[in-house]
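Peer 1: Mind looking over this structure? Questions follow.
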Amino acid sequence: MEEFVYVNGKKMRKGYTTGSCATAASVAATHLLLNEEECEEVVVLSPVDKEIRIPIESIERVDDKTAIASVRKNGGDDADATHGMLIYSKVTLRDDTEVTIEGGEGIGRVTQEGLLVPIGKPAINPKPRKMIGDNIRKMLGESRGADILIFAPEGYEIAKQTMNRNLGIIGGISILGTTGIVTPMSEDSWKAAISIELEMKKKQGFEKIVLSPGNYGEDFAVNKMMIDETKIVSMSNFVGYVLKEVQRIGFEEVLMIGHLGKLIKVSAGIFSTHSKDADARAEILVANLALMGMPVPDLERVSKCLTTEAAGDIISETGYEGVYQIIADKIKFRSEKLLKYRDPKVKVDVVLFSSKTGLLSSTKPIKELMEEWK
């Protein structure tokens, strides 16, 4: 696409969604069947009534009624697991006026309640499904129909790099896109996926939820605290956003489990924990250790540490491990304060660990938390 957006002063190319790719492949295959003409590119109408020009990677006619076309996914300058993969559409003309849309190889299937797609159906979201249907209906008119099969041979492997497993989508990628266009470096879609997962858990009957910044926290929760992974949602760096979503959706309790180097920022009221937004790990440690009375020479050593793991060696050497409990309690206080003036009230507990030492501290005795959350 020759459309751009500026992110942190850098010019970045926009791309198109898997929904746009599936639509373009469907349009190319249908055009071949109706007009006996192969297209090098097609123009499709997006869900927001914007025309998108998309190149066609391959196209072939199978017989008089069937054609297959493919599009290579182009996410622009956005970091996307599906970027570069081929998405295919097999279109078969019908003798009646119905248009059906199905998912084949490499397209995931929905296995849990709470999504916009029913259990057992292919993970082709309503907006792209409508986009495909509207574009093909416009070509067919009202007197003809078609069966459309969307498939992606690389989808099974690529889906392992996405959040699909967390959403109960098994066996492949999802066909997504509310606008048809990918905006580079946009955090909105990532946050939306987390919200969908939280809403799904709530609809499944969960009243409390475990939040982790990432894989390390999830591994600690499952392997050290014996918590069922179905209770865990990754909040990434969006701690404040996710806590507010947890409250909006109506969860009563939250257990945040994370590495000290990530969650320590929350103890100082930093709720977006990506290093591009804030990195005050050493400063926060130094401030708390100073209040505990750590000598200045040792504080200076801590301040020069590049990681909390390195600082942990000094803390252990000097006997100031009590700082971890102070930090855990402050994370709880800050998190509950963030949600204080809204309903419903949400109770927050915290578990901190390090890669070297393991458990560092928790806002309740760890055995008590394990019993509550098992």
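FYI, nothing fancy with the structure tokens labels: chains A, B, ... in order, residues from 1 per chain, ligands from 1 as they appear.
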Can you tell me, as number ranges by chain, what residues are no more than 12 Å from Gly322 in chain A when counting only C-alpha atoms, ignoring any on the same chain fewer than 4 positions away?
Peer 2: A: 285, 288-289, 291-294, 312, 315-316, 318, 326-329, 360-362
Peer 1: Within range 79-233 of chain A, find each residue whose DSSP state, derived from the backbone, is helix (DSSP H, G or I), and express the selection as a PyMOL selection string.
Peer 2: chain A and resi 126-140+155-161+164-167+188-203+215-223+229-231
Peer 1: How would the residues just picked look written out with N, CA and C atoms as a short mmCIF file (atom, residue, chain, number, x, y, z; two decimals), in the first residue's frame?
Peer 2:
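File selection-v9.cif, as written:
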data_model
loop_
_atom_site.label_atom_id
_atom_site.label_comp_id
_atom_site.auth_asym_id
_atom_site.auth_seq_id
_atom_site.Cartn_x
_atom_site.Cartn_y
_atom_site.Cartn_z
N PRO A 126 -16.84 -11.51 11.92
CA PRO A 126 -18.01 -10.97 11.20
C PRO A 126 -17.67 -9.88 10.19
N LYS A 127 -16.79 -8.95 10.53
CA LYS A 127 -16.48 -7.85 9.60
C LYS A 127 -15.84 -8.35 8.32
N PRO A 128 -14.76 -9.16 8.39
CA PRO A 128 -14.20 -9.67 7.14
C PRO A 128 -15.14 -10.63 6.41
N ARG A 129 -15.95 -11.38 7.15
CA ARG A 129 -16.94 -12.25 6.50
C ARG A 129 -17.91 -11.41 5.68
N LYS A 130 -18.36 -10.30 6.26
CA LYS A 130 -19.26 -9.41 5.54
C LYS A 130 -18.54 -8.75 4.37
N MET A 131 -17.26 -8.40 4.57
CA MET A 131 -16.48 -7.78 3.51
C MET A 131 -16.36 -8.71 2.31
N ILE A 132 -16.06 -9.98 2.57
CA ILE A 132 -15.98 -10.96 1.49
C ILE A 132 -17.34 -11.09 0.80
N GLY A 133 -18.38 -11.27 1.61
CA GLY A 133 -19.72 -11.46 1.04
C GLY A 133 -20.20 -10.28 0.22
N ASP A 134 -19.98 -9.06 0.73
CA ASP A 134 -20.44 -7.86 0.01
C ASP A 134 -19.72 -7.68 -1.31
N ASN A 135 -18.40 -7.89 -1.32
CA ASN A 135 -17.63 -7.72 -2.56
C ASN A 135 -17.99 -8.76 -3.60
N ILE A 136 -18.22 -9.99 -3.16
CA ILE A 136 -18.58 -11.04 -4.11
C ILE A 136 -20.01 -10.89 -4.59
N ARG A 137 -20.91 -10.50 -3.70
CA ARG A 137 -22.31 -10.29 -4.10
C ARG A 137 -22.39 -9.19 -5.15
N LYS A 138 -21.59 -8.16 -5.01
CA LYS A 138 -21.59 -7.08 -5.98
C LYS A 138 -21.19 -7.59 -7.36
N MET A 139 -20.29 -8.56 -7.42
CA MET A 139 -19.84 -9.12 -8.69
C MET A 139 -20.86 -10.09 -9.27
N LEU A 140 -21.45 -10.91 -8.40
CA LEU A 140 -22.39 -11.94 -8.86
C LEU A 140 -23.75 -11.40 -9.23
N GLY A 155 -0.90 -21.59 7.84
CA GLY A 155 -1.63 -21.06 8.98
C GLY A 155 -1.43 -21.79 10.28
N TYR A 156 -1.32 -23.12 10.23
CA TYR A 156 -1.19 -23.89 11.47
C TYR A 156 0.08 -23.50 12.22
N GLU A 157 1.20 -23.41 11.50
CA GLU A 157 2.46 -23.06 12.14
C GLU A 157 2.50 -21.59 12.57
N ILE A 158 2.01 -20.71 11.71
CA ILE A 158 2.05 -19.28 12.02
C ILE A 158 1.17 -18.94 13.21
N ALA A 159 0.08 -19.67 13.38
CA ALA A 159 -0.84 -19.41 14.50
C ALA A 159 -0.16 -19.59 15.85
N LYS A 160 0.92 -20.38 15.90
CA LYS A 160 1.65 -20.59 17.15
C LYS A 160 2.31 -19.31 17.64
N GLN A 161 2.49 -18.34 16.74
CA GLN A 161 3.11 -17.07 17.09
C GLN A 161 2.08 -16.00 17.47
N ASN A 164 -3.98 -16.76 19.34
CA ASN A 164 -5.15 -17.59 19.07
C ASN A 164 -5.40 -18.66 20.12
N ARG A 165 -4.33 -19.31 20.58
CA ARG A 165 -4.52 -20.38 21.57
C ARG A 165 -5.19 -19.83 22.82
N ASN A 166 -4.80 -18.62 23.24
CA ASN A 166 -5.41 -18.01 24.42
C ASN A 166 -6.89 -17.74 24.24
N LEU A 167 -7.29 -17.55 22.99
CA LEU A 167 -8.69 -17.24 22.70
C LEU A 167 -9.50 -18.48 22.36
N ASP A 188 -3.73 -0.67 19.53
CA ASP A 188 -5.17 -0.83 19.72
C ASP A 188 -5.63 -2.27 19.49
N SER A 189 -5.11 -2.91 18.44
CA SER A 189 -5.55 -4.28 18.14
C SER A 189 -5.08 -5.24 19.22
N TRP A 190 -3.88 -5.00 19.76
CA TRP A 190 -3.36 -5.84 20.84
C TRP A 190 -4.23 -5.71 22.09
N LYS A 191 -4.55 -4.48 22.44
CA LYS A 191 -5.41 -4.25 23.60
C LYS A 191 -6.79 -4.86 23.38
N ALA A 192 -7.30 -4.72 22.16
CA ALA A 192 -8.63 -5.27 21.85
C ALA A 192 -8.64 -6.78 22.02
N ALA A 193 -7.54 -7.44 21.63
CA ALA A 193 -7.46 -8.89 21.78
C ALA A 193 -7.47 -9.30 23.25
N ILE A 194 -6.79 -8.52 24.09
CA ILE A 194 -6.79 -8.81 25.53
C ILE A 194 -8.19 -8.63 26.10
N SER A 195 -8.88 -7.57 25.67
CA SER A 195 -10.25 -7.33 26.15
C SER A 195 -11.17 -8.46 25.75
N ILE A 196 -11.01 -8.95 24.51
CA ILE A 196 -11.83 -10.07 24.04
C ILE A 196 -11.59 -11.30 24.90
N GLU A 197 -10.32 -11.56 25.22
CA GLU A 197 -10.00 -12.72 26.05
C GLU A 197 -10.61 -12.57 27.45
N LEU A 198 -10.53 -11.38 28.02
CA LEU A 198 -11.13 -11.15 29.34
C LEU A 198 -12.64 -11.33 29.30
N GLU A 199 -13.28 -10.79 28.30
CA GLU A 199 -14.73 -10.92 28.18
C GLU A 199 -15.14 -12.37 27.99
N MET A 200 -14.33 -13.11 27.25
CA MET A 200 -14.60 -14.52 27.04
C MET A 200 -14.52 -15.28 28.36
N LYS A 201 -13.48 -14.99 29.17
CA LYS A 201 -13.35 -15.65 30.47
C LYS A 201 -14.55 -15.34 31.37
N LYS A 202 -15.01 -14.10 31.33
CA LYS A 202 -16.16 -13.71 32.15
C LYS A 202 -17.41 -14.47 31.72
N LYS A 203 -17.62 -14.58 30.42
CA LYS A 203 -18.80 -15.30 29.92
C LYS A 203 -18.74 -16.78 30.27
N ASN A 215 5.24 -14.56 29.23
CA ASN A 215 5.46 -15.99 29.37
C ASN A 215 6.11 -16.38 30.70
N TYR A 216 7.05 -15.55 31.17
CA TYR A 216 7.73 -15.88 32.43
C TYR A 216 6.73 -15.95 33.59
N GLY A 217 5.83 -14.97 33.64
CA GLY A 217 4.83 -14.96 34.70
C GLY A 217 3.88 -16.14 34.58
N GLU A 218 3.50 -16.45 33.36
CA GLU A 218 2.60 -17.59 33.15
C GLU A 218 3.28 -18.89 33.57
N ASP A 219 4.55 -19.05 33.21
CA ASP A 219 5.28 -20.26 33.59
C ASP A 219 5.37 -20.39 35.11
N PHE A 220 5.63 -19.27 35.80
CA PHE A 220 5.72 -19.31 37.26
C PHE A 220 4.37 -19.69 37.86
N ALA A 221 3.31 -19.11 37.31
CA ALA A 221 1.97 -19.40 37.84
C ALA A 221 1.61 -20.88 37.67
N VAL A 222 1.92 -21.44 36.50
CA VAL A 222 1.53 -22.82 36.20
C VAL A 222 2.46 -23.82 36.88
N ASN A 223 3.76 -23.59 36.80
CA ASN A 223 4.72 -24.60 37.25
C ASN A 223 5.12 -24.48 38.72
N GLU A 229 -3.81 -22.89 33.69
CA GLU A 229 -3.50 -21.85 32.70
C GLU A 229 -4.75 -21.18 32.13
N THR A 230 -5.91 -21.82 32.27
CA THR A 230 -7.14 -21.21 31.76
C THR A 230 -7.54 -19.97 32.56
N LYS A 231 -6.96 -19.81 33.76
CA LYS A 231 -7.27 -18.66 34.61
C LYS A 231 -6.36 -17.46 34.32
#
Peer 1: Tell me which protein, DNA and RNA residues are within 12 Å of Glu36 in chain A, counting only C-alpha atoms, leaving out same-chain ones fewer than 4 positions away, and put them as a list in words.
Peer 2: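 The filter keeps Ala28, Ala29, Thr30, His31, Leu32, Ile59, Glu60, Arg61, Asp63, Asp64, Lys65, Thr66 and Ala67 of chain A.
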Peer 1: Need to verify the contact set: Ser236 in chain A, 10 Å, only C-alpha atoms, exclusion of same-chain residues closer than 3 positions in sequence. Can you return it as a PDB file with N, CA, C and O atoms, in the first residue's frame?
Peer 2:
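File produced: result_36.pdb:
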ATOM      1  N   TRP A 190      -3.884  -4.997  19.763  1.00  0.00           N
ATOM      2  CA  TRP A 190      -3.358  -5.844  20.839  1.00  0.00           C
ATOM      3  C   TRP A 190      -4.228  -5.707  22.087  1.00  0.00           C
ATOM      4  O   TRP A 190      -4.624  -6.701  22.711  1.00  0.00           O
ATOM      5  N   LYS A 191      -4.545  -4.478  22.437  1.00  0.00           N
ATOM      6  CA  LYS A 191      -5.412  -4.254  23.597  1.00  0.00           C
ATOM      7  C   LYS A 191      -6.787  -4.859  23.377  1.00  0.00           C
ATOM      8  O   LYS A 191      -7.381  -5.454  24.297  1.00  0.00           O
ATOM      9  N   ILE A 194      -6.788  -8.522  24.086  1.00  0.00           N
ATOM     10  CA  ILE A 194      -6.789  -8.808  25.526  1.00  0.00           C
ATOM     11  C   ILE A 194      -8.194  -8.629  26.100  1.00  0.00           C
ATOM     12  O   ILE A 194      -8.668  -9.440  26.898  1.00  0.00           O
ATOM     13  N   LEU A 211      -3.376 -12.201  36.118  1.00  0.00           N
ATOM     14  CA  LEU A 211      -2.756 -11.371  35.084  1.00  0.00           C
ATOM     15  C   LEU A 211      -1.239 -11.521  35.152  1.00  0.00           C
ATOM     16  O   LEU A 211      -0.662 -11.477  36.226  1.00  0.00           O
ATOM     17  N   SER A 212      -0.637 -11.672  33.989  1.00  0.00           N
ATOM     18  CA  SER A 212       0.807 -11.789  33.913  1.00  0.00           C
ATOM     19  C   SER A 212       1.324 -10.922  32.773  1.00  0.00           C
ATOM     20  O   SER A 212       0.667 -10.811  31.733  1.00  0.00           O
ATOM     21  N   PRO A 213       2.508 -10.307  32.933  1.00  0.00           N
ATOM     22  CA  PRO A 213       3.055  -9.509  31.832  1.00  0.00           C
ATOM     23  C   PRO A 213       3.467 -10.337  30.625  1.00  0.00           C
ATOM     24  O   PRO A 213       3.617  -9.794  29.524  1.00  0.00           O
ATOM     25  N   GLY A 214       3.695 -11.650  30.807  1.00  0.00           N
ATOM     26  CA  GLY A 214       4.153 -12.443  29.673  1.00  0.00           C
ATOM     27  C   GLY A 214       4.409 -13.888  30.043  1.00  0.00           C
ATOM     28  O   GLY A 214       3.904 -14.402  31.045  1.00  0.00           O
ATOM     29  N   ASN A 215       5.238 -14.558  29.233  1.00  0.00           N
ATOM     30  CA  ASN A 215       5.456 -15.992  29.373  1.00  0.00           C
ATOM     31  C   ASN A 215       6.109 -16.376  30.696  1.00  0.00           C
ATOM     32  O   ASN A 215       5.795 -17.418  31.274  1.00  0.00           O
ATOM     33  N   VAL A 233      -4.407 -14.567  31.988  1.00  0.00           N
ATOM     34  CA  VAL A 233      -4.460 -13.703  30.811  1.00  0.00           C
ATOM     35  C   VAL A 233      -3.189 -12.856  30.779  1.00  0.00           C
ATOM     36  O   VAL A 233      -2.795 -12.291  31.801  1.00  0.00           O
ATOM     37  N   VAL A 239      -0.610  -2.589  31.786  1.00  0.00           N
ATOM     38  CA  VAL A 239      -1.119  -2.917  33.125  1.00  0.00           C
ATOM     39  C   VAL A 239      -2.330  -2.067  33.493  1.00  0.00           C
ATOM     40  O   VAL A 239      -3.362  -2.590  33.924  1.00  0.00           O
ATOM     41  N   VAL A 242      -5.416  -2.891  31.281  1.00  0.00           N
ATOM     42  CA  VAL A 242      -6.016  -4.190  31.575  1.00  0.00           C
ATOM     43  C   VAL A 242      -6.712  -4.178  32.932  1.00  0.00           C
ATOM     44  O   VAL A 242      -7.803  -4.754  33.086  1.00  0.00           O
ATOM     45  N   LYS A 262       9.690  -6.168  35.771  1.00  0.00           N
ATOM     46  CA  LYS A 262       8.539  -5.604  35.065  1.00  0.00           C
ATOM     47  C   LYS A 262       7.578  -4.920  36.025  1.00  0.00           C
ATOM     48  O   LYS A 262       7.216  -3.749  35.847  1.00  0.00           O
ATOM     49  N   SER A 272       2.115   1.761  32.351  1.00  0.00           N
ATOM     50  CA  SER A 272       2.507   1.302  31.016  1.00  0.00           C
ATOM     51  C   SER A 272       3.975   0.944  31.126  1.00  0.00           C
ATOM     52  O   SER A 272       4.832   1.819  31.210  1.00  0.00           O
ATOM     53  N   THR A 273       4.278  -0.355  31.154  1.00  0.00           N
ATOM     54  CA  THR A 273       5.586  -0.796  31.636  1.00  0.00           C
ATOM     55  C   THR A 273       6.613  -1.027  30.541  1.00  0.00           C
ATOM     56  O   THR A 273       7.701  -1.529  30.813  1.00  0.00           O
ATOM     57  N   HIS A 274       6.291  -0.708  29.296  1.00  0.00           N
ATOM     58  CA  HIS A 274       7.281  -0.858  28.231  1.00  0.00           C
ATOM     59  C   HIS A 274       8.432   0.120  28.470  1.00  0.00           C
ATOM     60  O   HIS A 274       8.219   1.246  28.917  1.00  0.00           O
TER      61      HIS A 274
END
Peer 1: Return the single residue from A:Ala146, A:Glu41, A:Thr92, A:Ile170 that is closest to Gln112 in chain A, with distances computed using only C-alpha atoms.
Peer 2: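 Among the listed residues, the smallest separation from Gln112 in chain A belongs to A:Ile170.
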Peer 1: Choose the residue, out of A:Val296, A:Ala268, A:Leu149, A:Val71, that has the smallest atom-to-atom separation from Glu283 in chain A; count only C-alpha atoms.
Peer 2: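 Of A:Val296, A:Ala268, A:Leu149, A:Val71, the one nearest Glu283 in chain A is A:Ala268, counting only C-alpha atoms.
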Peer 1: Compare A:Ile209, A:Ala310, A:Val44, A:Ala287 by their minimum atom-to-atom distance to Glu245 in chain A, counting only C-alpha atoms, and give me the closest one.
Peer 2: A:Ile209
Peer 1: Measuring between only C-alpha atoms, which one of A:Lys374, A:Thr100, A:Arg342, A:Ile124 shows the shortest distance to Thr178 in chain A?
Peer 2: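 Of all the options, A:Ile124 lies closest to Thr178 in chain A.
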Peer 1: Could you jot down the CA of Val99 in chain A to CA of Glu113 in chain A separation for me, Å, one decimal place?
Peer 2: 25.8 Å
Peer 1: Have a look at A:Ile314, A:Ile257, A:Ala278, A:Val48 and name the one nearest to Thr179 in chain A; count only C-alpha atoms.
Peer 2: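 For Thr179 in chain A, the nearest of the given residues is A:Val48.
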Peer 1: How many Å lie between CA of Gly84 in chain A and CA of Asn125 in chain A, rounded to one decimal?
Peer 2: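 Rounded to one decimal, the two atoms are 20.7 Å apart.
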Peer 1: Which residues come within 9 Å of Ala282 in chain A, counting only C-alpha atoms, excluding same-chain residues fewer than 6 positions away, as a PyMOL selection string?
Peer 2: chain A and resi 302-308+311
Peer 1: Ile52 in chain A: which residues within 9 Å, counting only C-alpha atoms, same-chain residues fewer than 2 positions away excluded, as a PyMOL selection string?
Peer 2: chain A and resi 1+16+20+42-46+50+54+180-181
Peer 1: Mind writing the picked residues with N, CA, C and O atoms as a CSV table (one decimal), in the first residue's frame?
Peer 2:
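So the final result, stored in result22.csv, reads:
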chain,number,residue,atom,x,y,z
A,1,MET,N,0.8,-1.2,0.0
A,1,MET,CA,0.0,0.0,0.0
A,1,MET,C,0.9,1.2,0.0
A,1,MET,O,1.9,1.3,0.6
A,16,TYR,N,-2.4,-4.3,4.8
A,16,TYR,CA,-3.8,-4.8,4.7
A,16,TYR,C,-4.0,-6.0,5.6
A,16,TYR,O,-3.1,-6.8,5.8
A,20,SER,N,-8.8,-8.5,4.3
A,20,SER,CA,-8.6,-7.9,3.0
A,20,SER,C,-8.0,-8.8,2.0
A,20,SER,O,-8.4,-8.9,0.9
A,42,VAL,N,-6.5,-6.4,-7.7
A,42,VAL,CA,-7.9,-6.1,-7.6
A,42,VAL,C,-8.1,-4.9,-6.7
A,42,VAL,O,-7.2,-4.6,-5.9
A,43,VAL,N,-9.3,-4.3,-6.8
A,43,VAL,CA,-9.7,-3.3,-5.8
A,43,VAL,C,-10.9,-3.8,-5.1
A,43,VAL,O,-11.9,-4.2,-5.7
A,44,VAL,N,-10.7,-3.8,-3.7
A,44,VAL,CA,-11.8,-4.3,-2.9
A,44,VAL,C,-12.3,-3.1,-2.0
A,44,VAL,O,-11.6,-2.2,-1.7
A,45,LEU,N,-13.6,-3.2,-1.6
A,45,LEU,CA,-14.2,-2.2,-0.8
A,45,LEU,C,-14.1,-2.7,0.7
A,45,LEU,O,-14.6,-3.7,1.0
A,46,SER,N,-13.5,-1.9,1.5
A,46,SER,CA,-13.3,-2.2,2.9
A,46,SER,C,-14.6,-2.0,3.7
A,46,SER,O,-15.5,-1.4,3.3
A,50,LYS,N,-13.8,2.1,2.1
A,50,LYS,CA,-12.5,2.6,1.5
A,50,LYS,C,-12.0,1.6,0.5
A,50,LYS,O,-12.0,0.4,0.8
A,54,ILE,N,-5.0,-4.3,-4.1
A,54,ILE,CA,-4.2,-5.4,-3.6
A,54,ILE,C,-3.7,-6.3,-4.7
A,54,ILE,O,-4.5,-6.7,-5.6
A,180,GLY,N,-10.0,-3.2,7.4
A,180,GLY,CA,-9.3,-3.7,6.2
A,180,GLY,C,-7.9,-3.3,6.1
A,180,GLY,O,-7.2,-3.8,5.3
A,181,ILE,N,-7.5,-2.3,6.9
A,181,ILE,CA,-6.2,-1.7,6.8
A,181,ILE,C,-5.4,-1.9,8.1
A,181,ILE,O,-6.0,-1.7,9.2
Peer 1: Which value, in Å to one decimal, gives the distance between CA of Glu253 in chain A and CA of Ile331 in chain A?
Peer 2: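 According to the coordinates, CA of Glu253 in chain A and CA of Ile331 in chain A are separated by 14.7 Å.
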Peer 1: Residues of range 59-174 of chain A in strand (DSSP E or B) according to DSSP, as JSON, numbers by chain?
Peer 2: {"A": [59, 60, 61, 66, 67, 68, 69, 70, 71, 72, 86, 87, 88, 89, 90, 91, 92, 93, 94, 99, 100, 101, 102, 103, 107, 109, 110, 122, 124, 145, 146, 147, 148, 149, 150, 151, 169, 170, 173]}
Peer 1: For Val210 in chain A, find every residue with an atom within 6 Å (counting only C-alpha atoms), except residues of its own chain fewer than 3 positions away, and show them as a list in words.
Peer 2: Lys231, Ile232, Val254, Leu255 and Met256 of chain A
Peer 1: Convert the current residue selection to file output with C-alpha atoms, as a PDB file, in the first residue's frame.
Peer 2:
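Saved as again.pdb:
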ATOM      1  CA  LYS A 231      -7.271 -18.659  34.605  1.00  0.00           C
ATOM      2  CA  ILE A 232      -4.334 -16.640  33.217  1.00  0.00           C
ATOM      3  CA  VAL A 254      -7.058 -10.155  40.433  1.00  0.00           C
ATOM      4  CA  LEU A 255      -3.763 -11.914  41.082  1.00  0.00           C
ATOM      5  CA  MET A 256      -0.827 -10.268  39.320  1.00  0.00           C
TER       6      MET A 256
END
